[in-house]
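Asker: Before anything else, here's the structure in question.
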Amino acid sequence: MIDHTLLTRFDWKTVAKCRVLLSISVALVVIGAALAHCAPLPQSDPLAVGLDGTILEQIEGLVASEIQQEKLPGCVVMIGRQGTVAFARAFGHRQLQPTPELMTVDTVFDMASLTKPVATATSIMILVERGQLRLRDPVANTIPEFAQNGKDKITVEHLLTHQGGLIPDNPLADYKQGSKEAWNRIWALKTTGPVGKKFVYTDVGFLVLGEMVRRVTGQDVAQFAKENIFQPAGMLETGFLPDEHLRARAAPTEQREGEWLRGTVHDPRSALLDGVAGHAGLFSTADDLARYASMMLARGISDGKQILSSQTIREMIRGRNIAGQRRALGWDVSSKYSSNRGELFSRQAFGHGGFTGTAMWIDPQLDLFVIFLSNRLHPDGQGSINHLAGRIGTLAAAAIVGKNRKTSARESVVKEPANKQPGNVLTGIDVLERDNFQALANRRVGLITNHTGLDRHGKRTIDLLHDAPAVELVAIFSPEHGLQGKLDEPNVADAHDPTTNLPVYSLYGESRRPGSDRLKTLDTLVFDIQDIGTRFYTYISTMGLAMEAAAEQGLHFVVLDRPNPIGGKLVEGPVLDRGDESFVGYHPIAVRHGMTAGELARMIREERGLDLDLKVVEVEKWRRGDTWDRTGLTWINPSPNMRSLTQAIVYPGIGLLETTNLSVGRGTDTPFELFGAPWIDSQKLAAALNQQGLAGVRFVPIRFTPASSKYAGELCQGVNVIVVDRQVFRPVDVGLHIACTLRKLYADDWNMKRFNRLLINRSVLEAIQSGQDAGSLKPLFQQELDRFLARRRKFLLYSE
């Protein structure tokens, strides 16, 4: 029988309240460090990321049993996949003495030896990728004193993998005469075994690595890690020597000289070195470690910032066989210290534990992280958690349903199989044709379409429906740019189709919705237009308005669905403010919505309360993660300036800018792949953008002269947006970074007056106007984006 008084669930209302506080005013963003824990990784339902929640619920029983046996006072467990947290739970107490306190998910823990990989090894690898250190270099190249007594051959890699022949710990007395004497005694140590031949876990080696960081950079490992890892990754509650605010919710360990160690490092050697050392001293929270783990699973990228390169991560987590023990650089893989490792993790999994009761394992093949944080030493210095942490890891891996390998844009170490070929996707019209037009049998049809309405063989949907014996095609309706998709003008006139001699009624003229006089002879409206996956692309607005008209007239509505060309998995950017809907923002969805027209139609019908008989003829053989180049379908420019898949991919970000006094390349050969203006210094802007380290993209300074549209005939300076890695490129994030950079560099020249026409998010607009950095924007819209993701889930038709 479980004593449920031992268990506490984290109250997510606390997070909601915290996020509301953050969104009240842009001014609070300036205070951001104090409220940064209000923006953890997004939460997801376990099943949405391929985890069986019923299996995860078994964790509660495992923890309760161990708490009852007094092996720990309490703990926090956090499990995530696909860049989200799917399980976050606090159990038991974080303090038993002197007065009880319940555990909370935001409890601050002494990481103990998790300091080694998260702070020290990661710092070393940053220096390696910057060319300031080499793994093969002798440590004595950086610290000459270290060469004493046969240590001259020990390399950086030897220390990272515990094969430097050093003792586990030198006597505590060596540290009691001050840090200078402590280091002198470390330099004087002798090796106790052969170098590079045997695995002996050692704190001494990581003490030396921490000192290497200081010797190379002039900063101790605490400051270097803060500036180069924790702050860029949004881990703003992680660091050495936590302040009073963090100590107040820290989990205490033991007593030292009659005082409880709460927010004070437990490791005695680190304590004697003033709380900053390469082997121990780090404090963190589950949310912050989840951000670190997600970064490691995402090719070193966190919130669009490159913390480590993907090549560095591959080398860092590559297992080395050291006399039968598999270790990576700073990490455990499978060794005698791996009792906290899940039994069902893949061979690529890596992790580490800490003496105070902490453990974190990350599995790239399963796209899974498992974080276990406790203060098992409280209150009496006893306790044991490694086997419990391992069993929880096993449950997490066992909970994975469907494919274990990730195939999304987050895939980092595990690559997509080289032999995967583009599919033979069938669009809605292909399926309708194959099924002999049964969905439209005996219907009088009005077809909303344009030049993209083709089957996979290039035959027009117009002609297919016109020639279908059981279908009577009565009228054609065209969207923005007209039936042929060639008109780039504010109003498009009615026309007729010469092949069928049917009328073509414009839905981008005096009215944006079909009038009742043009619907009275119909019983069904059919929509077949290729969308582009961006909220302000107007074809979805045309569909929504037509759905409203169909509901009013009692017509059936059929969507012949098509793939989202930029993929249906990733979702980005602000959700438009309710009440500010327009033709370029028809429904409250994210800028990059990750949905097909058919899925959006389902959402629009339900959320707008339309009394409408809706049918979606679904696409076949398309998966959410597939972009257009994986479909086997022919690219047809969906509008005059959308001429390639690359332009479609950058459009959600660059397109946001075009209502301002910038040229976004209209009137050039590569619209949306460049932007600029006569008042821009191209080299200065490109340098400023490249310095931000945005993932998957580089910026090249250029000059161009548009032949038409904005600044026609004028020489402009700007940048060419070069997507170097589509897997990690996030266009909306890039667009917001560009906006913040333009505001910073050209506050007097860049006219933002109409910027909100496509952004349609007042809080983000005001933050940019006030000069905030791009990193402060996401917390402003994250809560609403999370709500959109939850709303969106029920309308999705296609699997990943």
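By order in the structure tokens, chains are A, B, ...; within a chain, residues start at 1; ligands start at 1, following the order shown.
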List the spatial neighbours of Phe87 in chain A as a PyMOL selection string - criterion: any atom at most 9 Å away, only C-alpha atoms, same-chain residues fewer than 5 positions off excluded.
Answerer: chain A and resi 43-46+53+56+77-80
Asker: Could you save those same residues with all heavy atoms as a compact mmCIF listing (two decimals), in the first residue's frame?
Answerer:
# COMPACT_ATOMS: atom_id res chain seq x y z
N GLN A 43 5.97 21.67 -22.32
CA GLN A 43 5.42 20.41 -21.83
C GLN A 43 4.65 19.72 -22.95
O GLN A 43 4.09 20.37 -23.82
CB GLN A 43 4.48 20.67 -20.65
CG GLN A 43 5.08 21.54 -19.56
CD GLN A 43 6.25 20.89 -18.89
OE1 GLN A 43 6.20 19.72 -18.52
NE2 GLN A 43 7.33 21.65 -18.71
N SER A 44 4.61 18.41 -22.93
CA SER A 44 3.83 17.67 -23.92
C SER A 44 3.16 16.48 -23.25
O SER A 44 3.64 15.98 -22.23
CB SER A 44 4.72 17.20 -25.08
OG SER A 44 5.66 16.26 -24.62
N ASP A 45 2.07 16.06 -23.83
CA ASP A 45 1.46 14.82 -23.42
C ASP A 45 2.40 13.68 -23.79
O ASP A 45 2.98 13.69 -24.88
CB ASP A 45 0.11 14.66 -24.13
CG ASP A 45 -0.59 13.38 -23.71
OD1 ASP A 45 -1.28 13.38 -22.68
OD2 ASP A 45 -0.42 12.37 -24.43
N PRO A 46 2.61 12.69 -22.92
CA PRO A 46 3.55 11.62 -23.26
C PRO A 46 3.28 10.97 -24.61
O PRO A 46 4.22 10.75 -25.39
CB PRO A 46 3.37 10.62 -22.10
CG PRO A 46 2.95 11.47 -20.95
CD PRO A 46 2.08 12.54 -21.55
N GLY A 53 2.03 6.84 -21.34
CA GLY A 53 1.91 7.45 -20.02
C GLY A 53 1.57 6.47 -18.92
O GLY A 53 1.94 6.68 -17.76
N LEU A 56 4.78 5.20 -17.56
CA LEU A 56 5.47 6.21 -16.76
C LEU A 56 4.84 6.36 -15.38
O LEU A 56 5.53 6.69 -14.40
CB LEU A 56 5.47 7.55 -17.49
CG LEU A 56 6.21 7.60 -18.82
CD1 LEU A 56 6.15 9.00 -19.42
CD2 LEU A 56 7.66 7.17 -18.67
N VAL A 77 11.78 13.74 -10.79
CA VAL A 77 12.02 12.94 -11.99
C VAL A 77 11.50 13.72 -13.19
O VAL A 77 10.36 14.21 -13.16
CB VAL A 77 11.33 11.57 -11.91
CG1 VAL A 77 11.55 10.78 -13.22
CG2 VAL A 77 11.84 10.77 -10.72
N MET A 78 12.32 13.86 -14.21
CA MET A 78 11.91 14.54 -15.42
C MET A 78 12.35 13.71 -16.63
O MET A 78 13.51 13.29 -16.71
CB MET A 78 12.52 15.95 -15.49
CG MET A 78 11.95 16.81 -16.61
SD MET A 78 12.39 18.58 -16.44
CE MET A 78 11.30 19.08 -15.12
N ILE A 79 11.42 13.49 -17.55
CA ILE A 79 11.67 12.66 -18.74
C ILE A 79 11.20 13.43 -19.95
O ILE A 79 10.12 14.04 -19.94
CB ILE A 79 10.92 11.32 -18.63
CG1 ILE A 79 11.43 10.52 -17.41
CG2 ILE A 79 11.08 10.49 -19.91
CD1 ILE A 79 10.57 9.33 -17.06
N GLY A 80 11.99 13.43 -21.01
CA GLY A 80 11.62 14.19 -22.19
C GLY A 80 12.04 13.53 -23.48
O GLY A 80 12.95 12.70 -23.52
Asker: Apply DSSP to the structure's backbone, then extract all residues of range 130-174 of chain A labelled alpha helix (DSSP H) and return them as a CSV table (one decimal) with N, CA, C and O atoms, in the first residue's frame.
Answerer:
chain,number,residue,atom,x,y,z
A,156,VAL,N,44.9,15.6,-22.3
A,156,VAL,CA,43.6,16.1,-21.9
A,156,VAL,C,42.5,15.0,-22.0
A,156,VAL,O,41.7,14.8,-21.1
A,157,GLU,N,42.6,14.2,-23.1
A,157,GLU,CA,41.7,13.1,-23.2
A,157,GLU,C,41.9,12.0,-22.1
A,157,GLU,O,40.9,11.5,-21.6
A,158,HIS,N,43.1,11.8,-21.6
A,158,HIS,CA,43.3,10.9,-20.5
A,158,HIS,C,42.5,11.3,-19.3
A,158,HIS,O,41.9,10.5,-18.6
A,159,LEU,N,42.5,12.6,-19.0
A,159,LEU,CA,41.8,13.1,-17.8
A,159,LEU,C,40.3,13.1,-18.0
A,159,LEU,O,39.6,12.7,-17.1
A,160,LEU,N,39.8,13.4,-19.2
A,160,LEU,CA,38.4,13.3,-19.5
A,160,LEU,C,37.8,11.9,-19.4
A,160,LEU,O,36.6,11.7,-19.1
Asker: Can you list, as a compact mmCIF listing (two decimals) with all heavy atoms, in the first residue's frame, every protein, DNA or RNA residue that comes within 7 Å of Gln348 in chain A when you count only C-alpha atoms, leaving out same-chain residues fewer than 6 positions away?
Answerer:
# COMPACT_ATOMS: atom_id res chain seq x y z
N ASP A 363 19.89 9.61 -24.35
CA ASP A 363 20.00 8.56 -25.37
C ASP A 363 19.66 9.13 -26.74
O ASP A 363 18.49 9.32 -27.07
CB ASP A 363 19.06 7.40 -25.04
CG ASP A 363 19.36 6.16 -25.87
OD1 ASP A 363 19.78 6.33 -27.04
OD2 ASP A 363 19.17 5.04 -25.36
N PRO A 364 20.67 9.42 -27.58
CA PRO A 364 20.39 10.00 -28.90
C PRO A 364 19.57 9.08 -29.80
O PRO A 364 18.74 9.56 -30.57
CB PRO A 364 21.79 10.23 -29.49
CG PRO A 364 22.70 10.29 -28.31
CD PRO A 364 22.11 9.34 -27.32
N GLN A 365 19.79 7.77 -29.70
CA GLN A 365 19.05 6.87 -30.59
C GLN A 365 17.57 6.84 -30.24
O GLN A 365 16.71 6.76 -31.12
CB GLN A 365 19.64 5.46 -30.54
CG GLN A 365 18.96 4.51 -31.52
CD GLN A 365 19.70 3.20 -31.68
OE1 GLN A 365 20.92 3.16 -31.60
NE2 GLN A 365 18.98 2.13 -31.89
Asker: I'd like a table as a Markdown table: residues in range 760-786 of chain A with an atom no more than 12 Å from range 653-672 of chain A, each row giving the shortest atom pair and its distance in Å to one decimal, only C-alpha atoms counted, sorted by chain and rising residue number.
Answerer:
| residue | atom | partner | partner_atom | distance |
| --- | --- | --- | --- | --- |
| A:Ile760 | CA | A:Leu656 | CA | 9.9 |
| A:Asn761 | CA | A:Leu656 | CA | 11.7 |
| A:Leu765 | CA | A:Leu656 | CA | 11.6 |
Asker: Rank A:Asp367, A:Asp380, A:Asp303, A:Glu227 by their smallest atom-to-atom distance to Leu51 in chain A, using only C-alpha atoms, and report the top residue only.
Answerer: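 Of A:Asp367, A:Asp380, A:Asp303, A:Glu227, the one nearest Leu51 in chain A, counting only C-alpha atoms, is A:Asp367.
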Asker: Contacts of Gln692 in chain A at 9 Å or less, counting only C-alpha atoms, minus same-chain residues fewer than 5 places along, as a ChimeraX atom specification?
Answerer: /A:305-306,687,737
Asker: Got time to write the residues from that selection, N, CA, C and O atoms, as a PDB file, in the first residue's frame?
Answerer:
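After the write, again.pdb holds the following:
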ATOM      1  N   LYS A 305      20.607  28.901 -30.557  1.00  0.00           N
ATOM      2  CA  LYS A 305      22.024  29.224 -30.340  1.00  0.00           C
ATOM      3  C   LYS A 305      22.857  27.947 -30.357  1.00  0.00           C
ATOM      4  O   LYS A 305      22.484  26.950 -29.745  1.00  0.00           O
ATOM      5  N   GLN A 306      23.991  27.996 -31.013  1.00  0.00           N
ATOM      6  CA  GLN A 306      24.874  26.834 -31.130  1.00  0.00           C
ATOM      7  C   GLN A 306      25.825  26.843 -29.939  1.00  0.00           C
ATOM      8  O   GLN A 306      26.752  27.648 -29.862  1.00  0.00           O
ATOM      9  N   ALA A 687      27.734  40.745 -40.375  1.00  0.00           N
ATOM     10  CA  ALA A 687      28.612  40.412 -39.257  1.00  0.00           C
ATOM     11  C   ALA A 687      27.815  40.309 -37.956  1.00  0.00           C
ATOM     12  O   ALA A 687      28.013  39.381 -37.154  1.00  0.00           O
ATOM     13  N   HIS A 737      15.286  37.330 -34.740  1.00  0.00           N
ATOM     14  CA  HIS A 737      16.644  37.810 -34.483  1.00  0.00           C
ATOM     15  C   HIS A 737      17.012  38.937 -35.458  1.00  0.00           C
ATOM     16  O   HIS A 737      17.659  39.917 -35.073  1.00  0.00           O
TER      17      HIS A 737
END
